[in-house]
file work.cif (mmCIF, C-alpha atoms)
data_structure
#
loop_
_atom_site.label_atom_id
_atom_site.label_comp_id
_atom_site.auth_asym_id
_atom_site.auth_seq_id
_atom_site.Cartn_x
_atom_site.Cartn_y
_atom_site.Cartn_z
CA LEU A 1 14.46 6.52 -25.78
CA SER A 2 17.99 6.95 -27.15
CA ARG A 3 19.43 7.28 -23.65
CA LEU A 4 17.58 4.16 -22.52
CA VAL A 5 18.77 2.18 -25.55
CA ARG A 6 22.34 3.29 -24.92
CA ARG A 7 22.22 2.07 -21.32
CA LEU A 8 20.80 -1.28 -22.42
CA LEU A 9 23.38 -1.74 -25.15
CA SER A 10 26.14 -1.35 -22.56
CA ALA A 11 25.28 -4.88 -21.33
CA ARG A 12 28.11 -7.36 -21.76
CA ARG A 13 26.99 -10.42 -19.82
CA SER A 14 23.34 -10.27 -18.75
CA LEU A 15 20.11 -8.34 -19.09
CA ASP A 16 17.23 -9.11 -16.73
CA LEU A 17 13.93 -7.54 -17.76
CA CYS A 18 10.82 -7.36 -15.60
CA LEU A 19 8.23 -5.51 -17.68
CA PHE A 20 4.49 -5.15 -17.33
CA SER A 21 4.07 -4.12 -20.96
CA PHE A 22 6.55 -4.30 -23.86
CA SER A 23 5.39 -3.02 -27.24
CA CYS A 24 8.10 -0.54 -28.27
CA PRO A 25 9.80 -1.92 -31.44
CA GLN A 26 13.04 0.02 -30.95
CA LEU A 27 13.52 -1.41 -27.46
CA ALA A 28 12.72 -4.90 -28.74
CA ARG A 29 15.37 -4.48 -31.44
CA ALA A 30 17.95 -3.45 -28.83
CA VAL A 31 17.12 -6.51 -26.72
CA GLN A 32 17.36 -8.81 -29.76
CA LEU A 33 20.72 -7.30 -30.67
CA LEU A 34 22.04 -8.06 -27.18
CA HIS A 35 20.72 -11.63 -27.43
CA ARG A 36 22.54 -12.08 -30.75
CA ARG A 37 25.73 -10.73 -29.18
CA GLY A 38 25.57 -13.51 -26.61
CA VAL A 39 24.30 -11.48 -23.66
CA ARG A 40 22.07 -13.66 -21.45
CA VAL A 41 18.62 -12.08 -21.68
CA ARG A 42 15.79 -13.13 -19.35
CA LEU A 43 12.37 -11.51 -19.52
CA VAL A 44 9.47 -11.62 -17.08
CA THR A 45 6.18 -10.08 -18.14
CA ASP A 46 2.46 -9.89 -17.43
CA ALA A 47 0.22 -12.64 -18.80
CA GLN A 48 -2.69 -10.33 -19.59
CA TYR A 49 -0.60 -7.69 -21.37
CA MET A 50 1.80 -9.89 -23.31
CA GLY A 51 -0.89 -10.80 -25.85
CA LEU A 52 -2.14 -7.29 -26.54
CA HIS A 53 -1.89 -5.74 -29.99
CA GLY A 54 1.64 -4.54 -30.68
CA SER A 55 3.24 -6.64 -27.97
CA GLN A 56 6.85 -7.54 -28.77
CA ILE A 57 6.86 -10.65 -26.58
CA GLY A 58 6.09 -13.09 -29.39
CA ARG A 59 8.84 -11.63 -31.53
CA LEU A 60 11.36 -11.89 -28.71
CA ARG A 61 10.38 -15.49 -27.97
CA HIS A 62 10.65 -16.27 -31.67
CA ALA A 63 14.20 -14.87 -31.56
CA GLY A 64 15.03 -17.40 -28.85
CA ILE A 65 14.81 -15.16 -25.79
CA GLN A 66 13.58 -16.78 -22.56
CA VAL A 67 10.27 -15.29 -21.41
CA ARG A 68 8.26 -16.14 -18.30
CA HIS A 69 4.96 -14.69 -17.13
CA ASP A 70 2.65 -14.68 -14.15
CA GLN A 71 -0.49 -16.80 -13.83
CA HIS A 72 -2.48 -14.47 -11.59
CA SER A 73 -5.33 -12.07 -12.06
CA GLY A 74 -3.19 -9.32 -10.47
CA TYR A 75 -0.67 -7.56 -12.67
CA MET A 76 3.07 -8.21 -12.84
CA HIS A 77 3.37 -4.43 -12.78
CA HIS A 78 7.14 -3.91 -12.39
CA LYS A 79 8.97 -1.95 -15.07
CA PHE A 80 12.65 -2.50 -14.49
CA ALA A 81 15.79 -3.76 -16.18
CA ILE A 82 19.07 -4.84 -14.65
CA VAL A 83 22.21 -4.62 -16.78
CA ASP A 84 25.09 -6.96 -15.89
CA ARG A 85 23.68 -7.30 -12.35
CA ARG A 86 25.10 -3.86 -11.57
CA MET A 87 22.89 -1.18 -13.16
CA LEU A 88 19.19 -0.87 -12.29
CA ILE A 89 16.86 0.99 -14.66
CA THR A 90 13.41 1.48 -13.14
CA GLY A 91 10.54 3.95 -12.94
CA SER A 92 7.02 4.61 -14.15
CA LEU A 93 7.82 3.97 -17.82
CA ASN A 94 6.21 1.00 -19.53
CA TRP A 95 8.16 -0.04 -22.62
CA THR A 96 5.51 1.21 -25.02
CA THR A 97 5.61 3.83 -27.75
CA GLN A 98 2.74 5.74 -26.12
CA ALA A 99 4.64 6.00 -22.83
CA ILE A 100 7.80 7.23 -24.54
CA GLN A 101 6.11 9.69 -26.89
CA SER A 102 3.03 10.95 -25.05
CA ASN A 103 3.20 10.50 -21.28
CA ARG A 104 4.89 12.23 -18.34
CA GLU A 105 7.17 9.49 -17.03
CA ASN A 106 10.29 8.95 -14.95
CA VAL A 107 13.19 6.54 -15.30
CA LEU A 108 15.77 6.14 -12.57
CA VAL A 109 19.22 4.71 -13.27
CA VAL A 110 20.80 3.42 -10.07
CA GLU A 111 24.15 1.72 -9.57
CA ASP A 112 24.05 1.69 -5.78
CA ALA A 113 24.57 -2.00 -4.91
CA GLU A 114 21.96 -1.97 -2.12
CA TYR A 115 19.16 -0.94 -4.48
CA VAL A 116 20.34 -3.16 -7.33
CA LYS A 117 20.42 -6.16 -5.01
CA ALA A 118 16.83 -5.65 -3.84
CA PHE A 119 15.59 -5.63 -7.44
CA GLN A 120 17.89 -8.50 -8.49
CA ASP A 121 16.53 -10.58 -5.60
CA GLU A 122 12.96 -9.75 -6.64
CA PHE A 123 13.82 -10.72 -10.22
CA GLU A 124 15.24 -14.10 -9.16
CA ARG A 125 12.19 -14.76 -6.94
CA ILE A 126 9.81 -14.01 -9.81
CA TRP A 127 11.92 -15.94 -12.32
CA GLU A 128 11.61 -19.08 -10.16
CA GLU A 129 7.99 -18.48 -9.24
CA TYR A 130 7.01 -18.17 -12.93
CA ASN A 131 9.04 -21.20 -14.02
CA PRO A 132 6.67 -23.20 -16.27
CA ALA A 133 7.86 -26.38 -14.54
CA ASN A 134 6.03 -25.10 -11.44
CA TYR A 135 2.74 -24.35 -13.19
CA LYS A 136 -0.28 -25.84 -11.51
CA PHE A 137 -3.41 -26.40 -13.57
CA PHE A 138 -6.66 -27.13 -11.78
CA LEU B 1 0.61 -0.18 2.78
CA SER B 2 1.40 0.34 6.48
CA ARG B 3 5.04 1.15 5.70
CA LEU B 4 4.00 3.62 3.00
CA VAL B 5 1.50 5.30 5.33
CA ARG B 6 4.13 5.57 8.04
CA ARG B 7 6.56 7.32 5.69
CA LEU B 8 3.84 9.73 4.57
CA LEU B 9 2.80 10.53 8.11
CA SER B 10 6.37 11.55 8.91
CA ALA B 11 5.73 14.77 6.90
CA ARG B 12 5.96 17.93 8.99
CA ARG B 13 5.95 20.74 6.43
CA SER B 14 5.07 19.58 2.91
CA LEU B 15 3.84 16.65 0.86
CA ASP B 16 4.04 16.83 -2.93
CA LEU B 17 2.11 14.09 -4.71
CA CYS B 18 2.36 13.29 -8.40
CA LEU B 19 0.04 10.34 -8.96
CA PHE B 20 -1.43 8.82 -12.11
CA SER B 21 -4.20 7.09 -10.19
CA PHE B 22 -5.36 7.56 -6.60
CA SER B 23 -8.20 5.38 -5.38
CA CYS B 24 -6.87 3.80 -2.18
CA PRO B 25 -9.04 5.06 0.74
CA GLN B 26 -6.41 4.44 3.42
CA LEU B 27 -3.83 6.54 1.57
CA ALA B 28 -6.43 9.27 1.03
CA ARG B 29 -7.14 9.29 4.77
CA ALA B 30 -3.43 9.67 5.54
CA VAL B 31 -3.17 12.61 3.12
CA GLN B 32 -6.25 14.27 4.64
CA LEU B 33 -4.81 13.82 8.11
CA LEU B 34 -1.61 15.59 7.07
CA HIS B 35 -3.65 18.40 5.51
CA ARG B 36 -5.57 18.84 8.77
CA ARG B 37 -2.28 18.93 10.69
CA GLY B 38 -1.20 21.91 8.60
CA VAL B 39 1.20 20.14 6.25
CA ARG B 40 1.15 21.81 2.83
CA VAL B 41 -0.23 19.15 0.47
CA ARG B 42 -0.10 19.61 -3.31
CA LEU B 43 -1.40 16.93 -5.66
CA VAL B 44 -0.91 16.51 -9.40
CA THR B 45 -2.88 13.81 -11.17
CA ASP B 46 -4.08 12.52 -14.53
CA ALA B 47 -7.20 14.08 -16.05
CA GLN B 48 -8.51 10.83 -17.52
CA TYR B 49 -8.02 8.77 -14.36
CA MET B 50 -9.13 11.24 -11.73
CA GLY B 51 -12.81 10.75 -12.60
CA LEU B 52 -12.81 6.96 -12.60
CA HIS B 53 -14.93 4.99 -10.16
CA GLY B 54 -13.36 4.93 -6.70
CA SER B 55 -11.07 7.89 -7.33
CA GLN B 56 -10.24 9.78 -4.13
CA ILE B 57 -9.50 13.05 -5.93
CA GLY B 58 -12.96 14.56 -5.38
CA ARG B 59 -12.84 13.73 -1.69
CA LEU B 60 -9.40 15.32 -1.31
CA ARG B 61 -10.49 18.45 -3.17
CA HIS B 62 -13.59 18.60 -0.98
CA ALA B 63 -11.28 18.52 2.06
CA GLY B 64 -9.52 21.61 0.72
CA ILE B 65 -6.43 20.02 -0.79
CA GLN B 66 -4.99 21.69 -3.90
CA VAL B 67 -5.21 19.42 -6.96
CA ARG B 68 -4.00 20.08 -10.50
CA HIS B 69 -4.21 17.85 -13.55
CA ASP B 70 -2.95 17.61 -17.10
CA GLN B 71 -4.94 18.59 -20.17
CA HIS B 72 -3.36 16.18 -22.63
CA SER B 73 -4.34 12.92 -24.23
CA GLY B 74 -1.09 11.41 -22.92
CA TYR B 75 -1.03 10.20 -19.34
CA MET B 76 0.47 11.99 -16.36
CA HIS B 77 1.92 8.60 -15.45
CA HIS B 78 4.28 9.43 -12.57
CA LYS B 79 3.67 7.75 -9.22
CA PHE B 80 5.78 9.58 -6.70
CA ALA B 81 5.55 11.50 -3.44
CA ILE B 82 8.05 13.87 -1.86
CA VAL B 83 7.95 14.32 1.91
CA ASP B 84 9.33 17.60 3.30
CA ARG B 85 11.35 18.08 0.09
CA ARG B 86 13.83 15.48 1.41
CA MET B 87 12.35 11.99 0.98
CA LEU B 88 11.32 10.64 -2.40
CA ILE B 89 8.88 7.72 -2.59
CA THR B 90 8.57 6.41 -6.15
CA GLY B 91 8.11 3.19 -8.13
CA SER B 92 5.63 1.21 -10.14
CA LEU B 93 2.87 1.42 -7.53
CA ASN B 94 -0.28 3.31 -8.38
CA TRP B 95 -2.15 4.36 -5.25
CA THR B 96 -4.98 1.90 -5.79
CA THR B 97 -6.26 -0.97 -3.69
CA GLN B 98 -5.72 -3.41 -6.58
CA ALA B 99 -2.06 -2.41 -6.88
CA ILE B 100 -1.47 -2.82 -3.15
CA GLN B 101 -3.37 -6.07 -2.73
CA SER B 102 -3.01 -7.94 -6.03
CA ASN B 103 -0.03 -6.80 -8.12
CA ARG B 104 3.73 -7.32 -8.11
CA GLU B 105 5.02 -3.78 -7.52
CA ASN B 106 8.04 -1.89 -6.29
CA VAL B 107 8.40 1.25 -4.20
CA LEU B 108 11.74 2.98 -3.74
CA VAL B 109 12.41 5.32 -0.83
CA VAL B 110 15.32 7.62 -1.62
CA GLU B 111 16.81 10.38 0.50
CA ASP B 112 19.81 11.07 -1.75
CA ALA B 113 19.53 14.80 -2.50
CA GLU B 114 20.49 14.42 -6.16
CA TYR B 115 17.56 12.11 -6.89
CA VAL B 116 15.12 14.04 -4.71
CA LYS B 117 16.01 17.27 -6.51
CA ALA B 118 15.35 15.80 -9.97
CA PHE B 119 11.86 14.74 -8.90
CA GLN B 120 11.20 17.96 -6.96
CA ASP B 121 12.15 19.95 -10.08
CA GLU B 122 9.82 17.82 -12.21
CA PHE B 123 7.06 18.36 -9.66
CA GLU B 124 7.49 22.15 -9.72
CA ARG B 125 7.53 22.14 -13.55
CA ILE B 126 4.30 20.14 -13.70
CA TRP B 127 2.69 22.17 -10.91
CA GLU B 128 3.22 25.36 -12.94
CA GLU B 129 2.37 23.79 -16.28
CA TYR B 130 -0.96 22.53 -14.91
CA ASN B 131 -1.85 25.80 -13.19
CA PRO B 132 -5.50 26.46 -14.18
CA ALA B 133 -4.57 30.10 -14.78
CA ASN B 134 -2.55 28.86 -17.76
CA TYR B 135 -5.34 26.78 -19.29
CA LYS B 136 -5.96 27.47 -22.93
CA PHE B 137 -9.35 26.62 -24.38
CA PHE B 138 -9.73 26.58 -28.14
#
call {"tool": "encode", "arguments": {"input": "work.cif", "output": "structure tokens"}}
result
Amino acid sequence: LSRLVRRLLSARRSLDLCLFSFSCPQLARAVQLLHRRGVRVRLVTDAQYMGLHGSQIGRLRHAGIQVRHDQHSGYMHHKFAIVDRRMLITGSLNWTTQAIQSNRENVLVVEDAEYVKAFQDEFERIWEEYNPANYKFF
Amino acid sequence: LSRLVRRLLSARRSLDLCLFSFSCPQLARAVQLLHRRGVRVRLVTDAQYMGLHGSQIGRLRHAGIQVRHDQHSGYMHHKFAIVDRRMLITGSLNWTTQAIQSNRENVLVVEDAEYVKAFQDEFERIWEEYNPANYKFF
């Protein structure tokens, strides 16, 4: 957790988050701190999981952070962060206290531009796809 | 799915699987095929998920593939495969039909030895830790 927080807090310009589940208070505090410092934070999450008990999504929205979510029955199951469009943090780890404390998990930190670009492109695709202006209600 | 199967079927000597959830029949067939070809397949999985409806673990064990699982309340939440100790396949994707058909997921294929070694080491640690000979029953 401390190593993950340290990587996140290295952000100077932008933090793009694409997270299936986000309930870990310490990680939410780090993200809020970056937002207050003026880092541009964007967060994409899963519609079914963002309302679960302990979710930090409401708190982050309340703090003024932009959040978008899917509208599908399938899961938005990514768990990655991109710091300053140059450092990719990805793996099996959901941003929950259970995952950090109790599970076997992996987190990869990658600065290879080829990998970062693939995830940044996926983030931008999802960010547009989940733009509320594009919502269709039947 | 077809690209993942193709990577798996490139295995000539060994396939190490560390999978939270494994219910996709096509992937199970690919793993069985490798086993029949004489590739050494080892599989580590999660105790709570391996008995769920649709799990392929029983079928793979029945085919003679070695399977080990955790004994903890926390999840064995990794989702990675290592082909011939040289190619790492990892990401958010659980090996389930839902994940493949319905979710937003990522899968990284990495041949950089530094990354592969970190995951291979974790695999060997887990493989020993979950050795049934080490089980303790209270």
call {"tool": "calpha_fit_and_write", "arguments": {"input": "work.cif", "fixed": "chain A", "moving": "chain B", "output": "PDB file with C-alpha atoms, in the frame of the given file"}}
result
ATOM      1  CA  LEU B   1      14.467   6.520 -25.779  1.00  0.00           C
ATOM      2  CA  SER B   2      18.002   6.959 -27.155  1.00  0.00           C
ATOM      3  CA  ARG B   3      19.445   7.280 -23.644  1.00  0.00           C
ATOM      4  CA  LEU B   4      17.581   4.166 -22.502  1.00  0.00           C
ATOM      5  CA  VAL B   5      18.773   2.194 -25.534  1.00  0.00           C
ATOM      6  CA  ARG B   6      22.341   3.300 -24.914  1.00  0.00           C
ATOM      7  CA  ARG B   7      22.236   2.068 -21.313  1.00  0.00           C
ATOM      8  CA  LEU B   8      20.790  -1.267 -22.430  1.00  0.00           C
ATOM      9  CA  LEU B   9      23.385  -1.724 -25.134  1.00  0.00           C
ATOM     10  CA  SER B  10      26.132  -1.340 -22.539  1.00  0.00           C
ATOM     11  CA  ALA B  11      25.269  -4.893 -21.335  1.00  0.00           C
ATOM     12  CA  ARG B  12      28.110  -7.371 -21.772  1.00  0.00           C
ATOM     13  CA  ARG B  13      26.981 -10.433 -19.822  1.00  0.00           C
ATOM     14  CA  SER B  14      23.333 -10.277 -18.736  1.00  0.00           C
ATOM     15  CA  LEU B  15      20.106  -8.336 -19.082  1.00  0.00           C
ATOM     16  CA  ASP B  16      17.220  -9.111 -16.735  1.00  0.00           C
ATOM     17  CA  LEU B  17      13.927  -7.531 -17.763  1.00  0.00           C
ATOM     18  CA  CYS B  18      10.821  -7.363 -15.608  1.00  0.00           C
ATOM     19  CA  LEU B  19       8.245  -5.501 -17.681  1.00  0.00           C
ATOM     20  CA  PHE B  20       4.483  -5.142 -17.343  1.00  0.00           C
ATOM     21  CA  SER B  21       4.081  -4.119 -20.968  1.00  0.00           C
ATOM     22  CA  PHE B  22       6.547  -4.301 -23.856  1.00  0.00           C
ATOM     23  CA  SER B  23       5.399  -3.009 -27.220  1.00  0.00           C
ATOM     24  CA  CYS B  24       8.103  -0.534 -28.254  1.00  0.00           C
ATOM     25  CA  PRO B  25       9.793  -1.903 -31.431  1.00  0.00           C
ATOM     26  CA  GLN B  26      13.041   0.022 -30.954  1.00  0.00           C
ATOM     27  CA  LEU B  27      13.528  -1.395 -27.454  1.00  0.00           C
ATOM     28  CA  ALA B  28      12.714  -4.884 -28.747  1.00  0.00           C
ATOM     29  CA  ARG B  29      15.373  -4.473 -31.439  1.00  0.00           C
ATOM     30  CA  ALA B  30      17.953  -3.455 -28.830  1.00  0.00           C
ATOM     31  CA  VAL B  31      17.113  -6.522 -26.719  1.00  0.00           C
ATOM     32  CA  GLN B  32      17.361  -8.813 -29.759  1.00  0.00           C
ATOM     33  CA  LEU B  33      20.712  -7.300 -30.656  1.00  0.00           C
ATOM     34  CA  LEU B  34      22.046  -8.061 -27.179  1.00  0.00           C
ATOM     35  CA  HIS B  35      20.716 -11.619 -27.427  1.00  0.00           C
ATOM     36  CA  ARG B  36      22.531 -12.085 -30.743  1.00  0.00           C
ATOM     37  CA  ARG B  37      25.731 -10.734 -29.177  1.00  0.00           C
ATOM     38  CA  GLY B  38      25.575 -13.507 -26.588  1.00  0.00           C
ATOM     39  CA  VAL B  39      24.287 -11.488 -23.642  1.00  0.00           C
ATOM     40  CA  ARG B  40      22.069 -13.659 -21.439  1.00  0.00           C
ATOM     41  CA  VAL B  41      18.608 -12.074 -21.682  1.00  0.00           C
ATOM     42  CA  ARG B  42      15.789 -13.129 -19.346  1.00  0.00           C
ATOM     43  CA  LEU B  43      12.369 -11.497 -19.534  1.00  0.00           C
ATOM     44  CA  VAL B  44       9.468 -11.610 -17.089  1.00  0.00           C
ATOM     45  CA  THR B  45       6.176 -10.079 -18.148  1.00  0.00           C
ATOM     46  CA  ASP B  46       2.456  -9.881 -17.433  1.00  0.00           C
ATOM     47  CA  ALA B  47       0.209 -12.633 -18.795  1.00  0.00           C
ATOM     48  CA  GLN B  48      -2.698 -10.319 -19.593  1.00  0.00           C
ATOM     49  CA  TYR B  49      -0.601  -7.686 -21.365  1.00  0.00           C
ATOM     50  CA  MET B  50       1.782  -9.875 -23.309  1.00  0.00           C
ATOM     51  CA  GLY B  51      -0.900 -10.799 -25.857  1.00  0.00           C
ATOM     52  CA  LEU B  52      -2.157  -7.289 -26.535  1.00  0.00           C
ATOM     53  CA  HIS B  53      -1.900  -5.734 -29.977  1.00  0.00           C
ATOM     54  CA  GLY B  54       1.636  -4.542 -30.694  1.00  0.00           C
ATOM     55  CA  SER B  55       3.245  -6.634 -27.967  1.00  0.00           C
ATOM     56  CA  GLN B  56       6.853  -7.540 -28.782  1.00  0.00           C
ATOM     57  CA  ILE B  57       6.858 -10.643 -26.579  1.00  0.00           C
ATOM     58  CA  GLY B  58       6.089 -13.094 -29.400  1.00  0.00           C
ATOM     59  CA  ARG B  59       8.837 -11.629 -31.550  1.00  0.00           C
ATOM     60  CA  LEU B  60      11.372 -11.891 -28.719  1.00  0.00           C
ATOM     61  CA  ARG B  61      10.377 -15.483 -27.977  1.00  0.00           C
ATOM     62  CA  HIS B  62      10.652 -16.262 -31.684  1.00  0.00           C
ATOM     63  CA  ALA B  63      14.210 -14.880 -31.571  1.00  0.00           C
ATOM     64  CA  GLY B  64      15.030 -17.395 -28.843  1.00  0.00           C
ATOM     65  CA  ILE B  65      14.818 -15.164 -25.788  1.00  0.00           C
ATOM     66  CA  GLN B  66      13.586 -16.786 -22.565  1.00  0.00           C
ATOM     67  CA  VAL B  67      10.266 -15.301 -21.409  1.00  0.00           C
ATOM     68  CA  ARG B  68       8.240 -16.139 -18.307  1.00  0.00           C
ATOM     69  CA  HIS B  69       4.947 -14.686 -17.141  1.00  0.00           C
ATOM     70  CA  ASP B  70       2.639 -14.677 -14.154  1.00  0.00           C
ATOM     71  CA  GLN B  71      -0.487 -16.792 -13.831  1.00  0.00           C
ATOM     72  CA  HIS B  72      -2.481 -14.472 -11.595  1.00  0.00           C
ATOM     73  CA  SER B  73      -5.332 -12.063 -12.056  1.00  0.00           C
ATOM     74  CA  GLY B  74      -3.173  -9.351 -10.461  1.00  0.00           C
ATOM     75  CA  TYR B  75      -0.669  -7.574 -12.665  1.00  0.00           C
ATOM     76  CA  MET B  76       3.061  -8.203 -12.834  1.00  0.00           C
ATOM     77  CA  HIS B  77       3.384  -4.419 -12.793  1.00  0.00           C
ATOM     78  CA  HIS B  78       7.140  -3.892 -12.387  1.00  0.00           C
ATOM     79  CA  LYS B  79       8.972  -1.942 -15.082  1.00  0.00           C
ATOM     80  CA  PHE B  80      12.647  -2.488 -14.492  1.00  0.00           C
ATOM     81  CA  ALA B  81      15.789  -3.763 -16.186  1.00  0.00           C
ATOM     82  CA  ILE B  82      19.081  -4.846 -14.653  1.00  0.00           C
ATOM     83  CA  VAL B  83      22.209  -4.626 -16.796  1.00  0.00           C
ATOM     84  CA  ASP B  84      25.097  -6.958 -15.891  1.00  0.00           C
ATOM     85  CA  ARG B  85      23.677  -7.302 -12.358  1.00  0.00           C
ATOM     86  CA  ARG B  86      25.101  -3.835 -11.582  1.00  0.00           C
ATOM     87  CA  MET B  87      22.866  -1.171 -13.151  1.00  0.00           C
ATOM     88  CA  LEU B  88      19.194  -0.864 -12.298  1.00  0.00           C
ATOM     89  CA  ILE B  89      16.865   0.996 -14.672  1.00  0.00           C
ATOM     90  CA  THR B  90      13.418   1.473 -13.132  1.00  0.00           C
ATOM     91  CA  GLY B  91      10.531   3.951 -12.952  1.00  0.00           C
ATOM     92  CA  SER B  92       7.033   4.603 -14.155  1.00  0.00           C
ATOM     93  CA  LEU B  93       7.834   3.956 -17.818  1.00  0.00           C
ATOM     94  CA  ASN B  94       6.220   1.007 -19.526  1.00  0.00           C
ATOM     95  CA  TRP B  95       8.158  -0.030 -22.619  1.00  0.00           C
ATOM     96  CA  THR B  96       5.508   1.212 -25.024  1.00  0.00           C
ATOM     97  CA  THR B  97       5.609   3.818 -27.760  1.00  0.00           C
ATOM     98  CA  GLN B  98       2.745   5.744 -26.120  1.00  0.00           C
ATOM     99  CA  ALA B  99       4.647   5.980 -22.831  1.00  0.00           C
ATOM    100  CA  ILE B 100       7.799   7.220 -24.551  1.00  0.00           C
ATOM    101  CA  GLN B 101       6.118   9.673 -26.897  1.00  0.00           C
ATOM    102  CA  SER B 102       3.025  10.938 -25.067  1.00  0.00           C
ATOM    103  CA  ASN B 103       3.199  10.501 -21.282  1.00  0.00           C
ATOM    104  CA  ARG B 104       4.894  12.233 -18.361  1.00  0.00           C
ATOM    105  CA  GLU B 105       7.181   9.488 -17.027  1.00  0.00           C
ATOM    106  CA  ASN B 106      10.290   8.960 -14.963  1.00  0.00           C
ATOM    107  CA  VAL B 107      13.188   6.543 -15.300  1.00  0.00           C
ATOM    108  CA  LEU B 108      15.784   6.132 -12.570  1.00  0.00           C
ATOM    109  CA  VAL B 109      19.229   4.705 -13.267  1.00  0.00           C
ATOM    110  CA  VAL B 110      20.797   3.402 -10.070  1.00  0.00           C
ATOM    111  CA  GLU B 111      24.153   1.717  -9.585  1.00  0.00           C
ATOM    112  CA  ASP B 112      24.058   1.675  -5.773  1.00  0.00           C
ATOM    113  CA  ALA B 113      24.555  -2.006  -4.904  1.00  0.00           C
ATOM    114  CA  GLU B 114      21.964  -1.986  -2.121  1.00  0.00           C
ATOM    115  CA  TYR B 115      19.162  -0.950  -4.472  1.00  0.00           C
ATOM    116  CA  VAL B 116      20.346  -3.161  -7.325  1.00  0.00           C
ATOM    117  CA  LYS B 117      20.412  -6.177  -5.009  1.00  0.00           C
ATOM    118  CA  ALA B 118      16.818  -5.650  -3.835  1.00  0.00           C
ATOM    119  CA  PHE B 119      15.600  -5.638  -7.436  1.00  0.00           C
ATOM    120  CA  GLN B 120      17.900  -8.495  -8.492  1.00  0.00           C
ATOM    121  CA  ASP B 121      16.524 -10.577  -5.600  1.00  0.00           C
ATOM    122  CA  GLU B 122      12.954  -9.758  -6.641  1.00  0.00           C
ATOM    123  CA  PHE B 123      13.816 -10.721 -10.211  1.00  0.00           C
ATOM    124  CA  GLU B 124      15.237 -14.100  -9.153  1.00  0.00           C
ATOM    125  CA  ARG B 125      12.177 -14.758  -6.945  1.00  0.00           C
ATOM    126  CA  ILE B 126       9.796 -14.006  -9.812  1.00  0.00           C
ATOM    127  CA  TRP B 127      11.914 -15.925 -12.327  1.00  0.00           C
ATOM    128  CA  GLU B 128      11.604 -19.065 -10.177  1.00  0.00           C
ATOM    129  CA  GLU B 129       7.979 -18.487  -9.242  1.00  0.00           C
ATOM    130  CA  TYR B 130       7.014 -18.183 -12.920  1.00  0.00           C
ATOM    131  CA  ASN B 131       9.041 -21.202 -14.027  1.00  0.00           C
ATOM    132  CA  PRO B 132       6.659 -23.202 -16.277  1.00  0.00           C
ATOM    133  CA  ALA B 133       7.844 -26.371 -14.538  1.00  0.00           C
ATOM    134  CA  ASN B 134       6.039 -25.081 -11.444  1.00  0.00           C
ATOM    135  CA  TYR B 135       2.739 -24.354 -13.187  1.00  0.00           C
ATOM    136  CA  LYS B 136      -0.262 -25.847 -11.492  1.00  0.00           C
ATOM    137  CA  PHE B 137      -3.386 -26.444 -13.542  1.00  0.00           C
ATOM    138  CA  PHE B 138      -6.608 -27.202 -11.717  1.00  0.00           C
TER     139      PHE B 138
END
call {"tool": "residues_around", "arguments": {"input": "work.cif", "residues": "A:Gly74", "least_positions_apart": "5", "cutoff": "12 Å", "atoms": "only C-alpha atoms", "output": "ChimeraX atom specification"}}
result
/A:20,46-49,69 /B:97-105
call {"tool": "residues_near_point", "arguments": {"input": "work.cif", "point": "(4.2, 1.6, 4.1)", "cutoff": "12 Å", "atoms": "all atoms listed in the file", "output": "ChimeraX atom specification"}}
result
/B:1-10,26-27,30,89,93,95,100,106-109
call {"tool": "residues_near_point", "arguments": {"input": "work.cif", "point": "(-0.7, -4.3, -26.5)", "cutoff": "10 Å", "atoms": "all atoms listed in the file", "output": "PyMOL selection string"}}
result
chain A and resi 21-24+48-57+96
call {"tool": "residues_around", "arguments": {"input": "work.cif", "residues": "stretch 118-135 of chain A", "least_positions_apart": "5", "cutoff": "12 Å", "atoms": "only C-alpha atoms", "output": "JSON, numbers by chain"}}
result
{"A": [14, 15, 16, 17, 18, 19, 42, 43, 44, 45, 46, 47, 66, 67, 68, 69, 70, 71, 72, 76, 77, 78, 79, 80, 81, 82, 83, 84, 85, 86, 87, 88, 89, 90, 110, 111, 112, 113], "B": [91, 104, 105, 106, 107, 108]}
call {"tool": "closest_residue", "arguments": {"input": "work.cif", "among": "A:Lys136, A:His35, A:Glu114, A:Arg40", "to": "chain B", "atoms": "all atoms listed in the file"}}
result
A:Glu114
call {"tool": "atom_distance", "arguments": {"input": "work.cif", "atom1": "atom CA of B:Ile65", "atom2": "atom CA of B:Lys117"}}
result
23.3 Å
call {"tool": "atom_distance", "arguments": {"input": "work.cif", "atom1": "atom CA of A:Arg13", "atom2": "atom CA of A:Val39"}}
result
4.8 Å
call {"tool": "atom_distance", "arguments": {"input": "work.cif", "atom1": "atom CA of A:Arg59", "atom2": "atom CA of A:Ser92"}}
result
23.9 Å
call {"tool": "resolve_selection", "arguments": {"input": "work.cif", "expression": "the PyMOL selection byres ((chain B and resi 32) around 9)", "output": "PyMOL selection string"}}
result
chain B and resi 27-31+33-37+41+60+63-65
call {"tool": "write_last_selection", "arguments": {"input": "work.cif", "atoms": "C-alpha atoms", "output": "compact mmCIF listing (two decimals), in the coordinates of the input"}}
result
# COMPACT_ATOMS: atom_id res chain seq x y z
CA LEU B 27 -3.83 6.54 1.57
CA ALA B 28 -6.43 9.27 1.03
CA ARG B 29 -7.14 9.29 4.77
CA ALA B 30 -3.43 9.67 5.54
CA VAL B 31 -3.17 12.61 3.12
CA LEU B 33 -4.81 13.82 8.11
CA LEU B 34 -1.61 15.59 7.07
CA HIS B 35 -3.65 18.40 5.51
CA ARG B 36 -5.57 18.84 8.77
CA ARG B 37 -2.28 18.93 10.69
CA VAL B 41 -0.23 19.15 0.47
CA LEU B 60 -9.40 15.32 -1.31
CA ALA B 63 -11.28 18.52 2.06
CA GLY B 64 -9.52 21.61 0.72
CA ILE B 65 -6.43 20.02 -0.79
